[in-house]
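So this block is start.cif, mmCIF, C-alpha atoms:
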data_work
loop_
_atom_site.label_atom_id
_atom_site.label_comp_id
_atom_site.auth_asym_id
_atom_site.auth_seq_id
_atom_site.Cartn_x
_atom_site.Cartn_y
_atom_site.Cartn_z
CA MET A 96 6.14 -66.76 231.69
CA ILE A 97 6.95 -63.51 230.01
CA LYS A 98 10.55 -63.95 231.08
CA ASN A 99 10.57 -67.40 229.55
CA LYS A 100 9.19 -66.01 226.33
CA ASN A 101 11.77 -63.24 226.33
CA ILE A 102 14.57 -65.69 227.04
CA THR A 103 13.29 -67.99 224.31
CA LEU A 104 13.07 -65.09 221.89
CA MET A 105 16.54 -63.97 222.82
CA ILE A 106 17.91 -67.47 222.33
CA LEU A 107 16.09 -67.72 218.98
CA GLY A 108 17.46 -64.29 218.04
CA ILE A 109 21.00 -65.34 218.94
CA VAL A 110 20.57 -68.61 217.03
CA ALA A 111 19.25 -66.65 214.04
CA VAL A 112 22.21 -64.24 214.18
CA LEU A 113 24.64 -67.14 214.52
CA LEU A 114 22.90 -69.00 211.71
CA ALA A 115 23.08 -65.90 209.54
CA GLY A 116 26.74 -65.40 210.47
CA PHE A 117 27.90 -68.97 209.98
CA ALA A 118 25.58 -70.29 207.27
CA ILE A 119 24.20 -67.44 205.18
CA ARG A 120 27.28 -65.18 205.14
CA PRO A 121 29.54 -67.85 203.57
CA LEU A 122 26.88 -68.44 200.92
CA PHE A 123 26.92 -64.74 200.02
CA LEU A 124 30.74 -64.71 199.98
CA ASN A 125 30.69 -67.79 197.74
CA ILE A 126 28.18 -66.13 195.41
CA LYS A 127 30.38 -63.02 195.28
CA GLN A 128 33.49 -65.11 194.44
CA ASN A 129 31.60 -67.11 191.80
CA SER A 130 30.34 -63.85 190.26
CA LYS A 131 33.94 -62.60 189.92
CA THR A 132 34.99 -65.91 188.35
CA LEU A 133 32.03 -65.77 185.96
CA LEU A 134 32.99 -62.23 184.96
CA ILE A 135 36.58 -63.36 184.23
CA TYR A 136 35.25 -66.26 182.13
CA LYS A 137 32.96 -63.92 180.20
CA GLU A 138 35.86 -61.55 179.47
CA THR A 139 38.03 -64.47 178.33
CA LEU A 140 35.21 -65.77 176.13
CA ALA A 141 34.77 -62.31 174.60
CA GLN A 142 38.51 -62.16 173.84
CA ILE A 143 38.44 -65.62 172.28
CA GLU A 144 35.40 -64.70 170.16
CA LYS A 145 37.17 -61.53 169.00
CA LYS A 146 40.30 -63.50 168.08
CA SER A 147 38.16 -66.06 166.29
CA GLU A 148 36.43 -63.30 164.33
CA ASN A 149 39.82 -61.78 163.44
CA LEU A 150 41.04 -65.20 162.31
CA ARG A 151 37.98 -65.66 160.08
CA GLY A 152 38.61 -62.22 158.61
CA PHE A 153 42.25 -63.09 157.99
CA GLN A 154 41.26 -66.37 156.33
CA LEU A 155 38.88 -64.51 154.00
CA THR A 156 41.58 -61.96 153.21
CA TYR A 157 44.12 -64.73 152.63
CA GLU A 158 41.78 -66.53 150.24
CA THR A 159 41.19 -63.26 148.39
CA HIS A 160 44.91 -62.56 148.01
CA ARG A 161 46.18 -66.15 147.67
CA ALA A 162 46.98 -65.79 143.96
CA ASP A 163 48.87 -62.53 144.55
CA LEU A 164 50.84 -64.08 147.41
CA LYS A 165 51.74 -67.04 145.21
CA LYS A 166 52.96 -64.67 142.49
CA MET A 167 55.00 -62.78 145.08
CA ASP A 168 56.56 -66.01 146.29
CA GLN A 169 57.60 -66.82 142.71
CA LEU A 170 59.61 -63.59 142.56
CA PHE A 171 62.28 -65.17 144.75
CA ILE A 172 64.60 -68.01 143.82
CA ASP A 173 65.70 -70.87 146.05
CA LYS A 174 69.13 -69.70 147.23
CA GLU A 175 70.34 -73.22 148.01
CA GLU A 176 69.30 -74.72 144.67
CA PRO A 177 68.73 -72.06 141.97
CA VAL A 178 68.52 -74.72 139.23
CA GLU A 179 65.18 -73.49 137.88
CA PHE A 180 66.49 -69.94 137.57
CA ILE A 181 69.72 -71.04 135.86
CA GLU A 182 67.72 -73.17 133.42
CA PHE A 183 65.54 -70.13 132.73
CA LEU A 184 68.63 -68.00 131.91
CA GLU A 185 70.14 -70.69 129.71
CA GLY A 186 66.83 -71.22 127.90
CA GLU A 187 66.35 -67.50 127.26
CA ALA A 188 69.94 -67.19 126.02
CA ALA A 189 69.40 -70.12 123.62
CA ARG A 190 66.12 -68.61 122.35
CA SER A 191 67.90 -65.29 121.86
CA LYS A 192 70.73 -67.06 119.96
CA LEU A 193 73.38 -66.14 122.53
CA THR A 194 76.00 -68.28 124.18
CA ILE A 195 75.98 -67.87 127.93
CA ASP A 196 78.49 -68.52 130.67
CA LEU A 197 77.37 -68.17 134.31
CA THR A 198 79.76 -67.83 137.23
CA PRO A 199 78.59 -67.52 140.84
CA VAL A 200 79.92 -64.44 142.60
CA ILE A 201 80.54 -64.57 146.32
CA PHE A 202 80.05 -61.24 147.99
CA LYS A 203 79.44 -59.92 151.45
CA ALA A 204 75.84 -58.84 151.94
CA GLY A 205 75.36 -55.21 152.86
CA GLU A 206 73.66 -54.10 156.06
CA GLY A 207 70.84 -52.42 154.15
CA GLU A 208 69.84 -55.67 152.44
CA VAL A 209 66.27 -56.62 153.19
CA TRP A 210 66.27 -59.98 151.38
CA PRO A 211 69.03 -62.49 150.86
CA SER A 212 70.33 -62.63 147.32
CA THR A 213 72.61 -64.55 145.01
CA SER A 214 74.94 -62.93 142.51
CA LEU A 215 76.04 -64.32 139.19
CA ARG A 216 78.57 -63.08 136.66
CA VAL A 217 76.88 -63.46 133.26
CA GLU A 218 78.91 -63.50 130.05
CA LEU A 219 77.07 -63.55 126.73
CA VAL A 220 78.37 -63.72 123.17
CA GLY A 221 76.14 -62.81 120.25
CA SER A 222 74.69 -59.90 118.35
CA PHE A 223 73.69 -56.74 120.15
CA SER A 224 70.07 -57.00 118.97
CA ASN A 225 69.86 -60.55 120.37
CA PHE A 226 71.32 -59.26 123.63
CA LEU A 227 68.57 -56.63 123.80
CA LYS A 228 65.96 -59.39 123.25
CA PHE A 229 67.57 -61.39 126.08
CA LEU A 230 67.49 -58.36 128.40
CA ASP A 231 63.84 -57.76 127.55
CA LYS A 232 63.02 -61.40 128.42
CA ILE A 233 64.80 -61.35 131.78
CA GLU A 234 63.37 -57.93 132.57
CA SER A 235 59.85 -59.28 132.10
CA SER A 236 60.66 -62.53 133.94
CA PRO A 237 58.92 -63.39 137.20
CA TYR A 238 62.14 -62.92 139.20
CA LEU A 239 63.48 -59.94 141.15
CA ILE A 240 66.73 -59.12 139.39
CA THR A 241 69.17 -56.21 139.38
CA LEU A 242 71.97 -55.81 136.87
CA SER A 243 75.24 -53.96 137.35
CA GLY A 244 78.69 -53.60 135.84
CA LEU A 245 77.72 -53.96 132.18
CA SER A 246 80.67 -54.20 129.80
CA LEU A 247 80.87 -54.74 126.04
CA ASN A 248 83.97 -56.24 124.38
CA LYS A 249 85.05 -58.05 121.29
CA PRO A 250 84.91 -61.80 121.85
CA ALA A 251 88.18 -63.73 122.23
CA LYS A 252 87.40 -65.61 119.04
CA ASN A 253 86.73 -63.44 116.00
CA THR A 254 83.14 -64.18 115.03
CA ASN A 255 80.75 -62.56 112.56
CA GLY A 256 80.40 -59.16 114.20
CA ASP A 257 79.32 -60.63 117.53
CA ILE A 258 80.13 -58.90 120.77
CA ALA A 259 80.94 -60.20 124.24
CA ILE A 260 78.77 -58.73 126.95
CA SER A 261 79.30 -59.29 130.64
CA PHE A 262 77.49 -58.02 133.71
CA GLN A 263 76.76 -58.94 137.28
CA MET A 264 73.24 -60.09 138.09
CA LYS A 265 71.84 -60.03 141.61
CA VAL A 266 68.82 -62.27 142.10
CA TYR A 267 66.80 -62.09 145.29
CA ALA A 268 66.11 -65.30 147.16
CA SER A 269 63.42 -66.31 149.59
CA SER A 270 64.45 -66.18 153.22
CA LEU A 271 62.56 -69.37 154.12
#

File written out as structure tokens:
Amino acid sequence: MIKNKNITLMILGIVAVLLAGFAIRPLFLNIKQNSKTLLIYKETLAQIEKKSENLRGFQLTYETHRADLKKMDQLFIDKEEPVEFIEFLEGEAARSKLTIDLTPVIFKAGEGEVWPSTSLRVELVGSFSNFLKFLDKIESSPYLITLSGLSLNKPAKNTNGDIAISFQMKVYASSL
């Protein structure tokens, strides 16, 4: 009877070991794998939350600087259709009592150029003081402009002490 009990205990022990090996061990392995997956999901969620927080911060910054960004965008002309800029030049010339002639200049952009630009040859006829008023107006305009090659001459037609002024104007355009 003791042998039967020992054999029964041994069989129960073997069954318990087999049960632990085939049933419980896979459960622990599954728990371990699920823990790793959960950790990866938590890390991904933390990254997404950080990106979301950065996006909210950027949106607040954008709203704060929206007016400044809009002003900056207005510094550049539309390179394909600079009608608004040309109308601005013609209007300022008329207000300054100058006659204006605009000629597009085709040039090869330099390597050091950060922004695309358009060049115009500007010829004005009128008094020197009116020319200075015109320069003051375009200097305080909302456009990025550089002037070069200024020359003063007598106009082809003899007018009342007027002078002919010509220069090249480079106006920066948006790259969009």

Have a look at atom CA of A:Asn125 and atom CA of A:Leu107 and let me know their distance in Å, one decimal.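 Taking atom CA of A:Asn125 and atom CA of A:Leu107, their separation equals 25.8 Å.
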
Would you pick out the contacts of A:Val266 at 7 Å or less, using all atoms listed in the file, so that residues sharing its chain but fewer than 4 positions from it are not included, and give the list as number ranges by chain? A: 212-214, 239-241

Deliver the residues from the most recent selection as a file, using C-alpha atoms, as a PDB file, keeping the file's coordinate frame.
ATOM      1  CA  SER A 212      70.330 -62.630 147.320  1.00  0.00           C
ATOM      2  CA  THR A 213      72.610 -64.550 145.010  1.00  0.00           C
ATOM      3  CA  SER A 214      74.940 -62.930 142.510  1.00  0.00           C
ATOM      4  CA  LEU A 239      63.480 -59.940 141.150  1.00  0.00           C
ATOM      5  CA  ILE A 240      66.730 -59.120 139.390  1.00  0.00           C
ATOM      6  CA  THR A 241      69.170 -56.210 139.380  1.00  0.00           C
TER       7      THR A 241
END

For a test of reading the model, state the distance in Å between atom CA of A:Asn225 and atom CA of A:Arg190, rounded to one decimal. 9.1 Å

Resolved residues for the PyMOL selection byres ((chain A and resi 184) around 12) as JSON, numbers by chain: {"A": [177, 178, 179, 180, 181, 182, 183, 185, 186, 187, 188, 189, 190, 191, 193, 194, 195, 196, 197, 215, 217, 218, 219, 229, 230, 232, 233, 234, 236, 237, 238, 240, 264, 266]}

So how far away is atom CA of A:Ile126 from atom CA of A:Leu113, in Å?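 Value for the atom CA of A:Leu113-atom CA of A:Ile126 distance: 19.5 Å.
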
Find the axis-aligned box for stretch 232-245 of chain A, covering all its listed atoms and adding 8 Å on each side, and write its centre and edge lengths in Å to one decimal as AutoDock Vina command-line options.
--center_x 68.8 --center_y -58.5 --center_z 134.8 --size_x 35.8 --size_y 25.8 --size_z 28.7

Please list as number ranges by chain every residue within 8 Å of A:Ser246, counting all atoms listed in the file and excluding residues in the same chain fewer than 4 positions away. A: 260-262

Do you know which residues the PyMOL selection byres ((chain A and resi 248) around 7) returns on this file, as a list in words? Ser246, Leu247, Lys249, Pro250, Ile258, Ala259 and Ile260 of chain A

Write the residues you've just listed into a file as a short mmCIF file (atom, residue, chain, number, x, y, z; two decimals), in the frame of the given file, and include C-alpha atoms for each of them.
data_model
loop_
_atom_site.label_atom_id
_atom_site.label_comp_id
_atom_site.auth_asym_id
_atom_site.auth_seq_id
_atom_site.Cartn_x
_atom_site.Cartn_y
_atom_site.Cartn_z
CA SER A 246 80.67 -54.20 129.80
CA LEU A 247 80.87 -54.74 126.04
CA LYS A 249 85.05 -58.05 121.29
CA PRO A 250 84.91 -61.80 121.85
CA ILE A 258 80.13 -58.90 120.77
CA ALA A 259 80.94 -60.20 124.24
CA ILE A 260 78.77 -58.73 126.95
#

Hey, which of A:Leu155, A:Ala111, A:Thr198, A:Lys192 ends up closest to A:Leu227? Count all atoms listed in the file.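 Going through A:Leu155, A:Ala111, A:Thr198, A:Lys192 one by one, the smallest distance to A:Leu227 is for A:Lys192.
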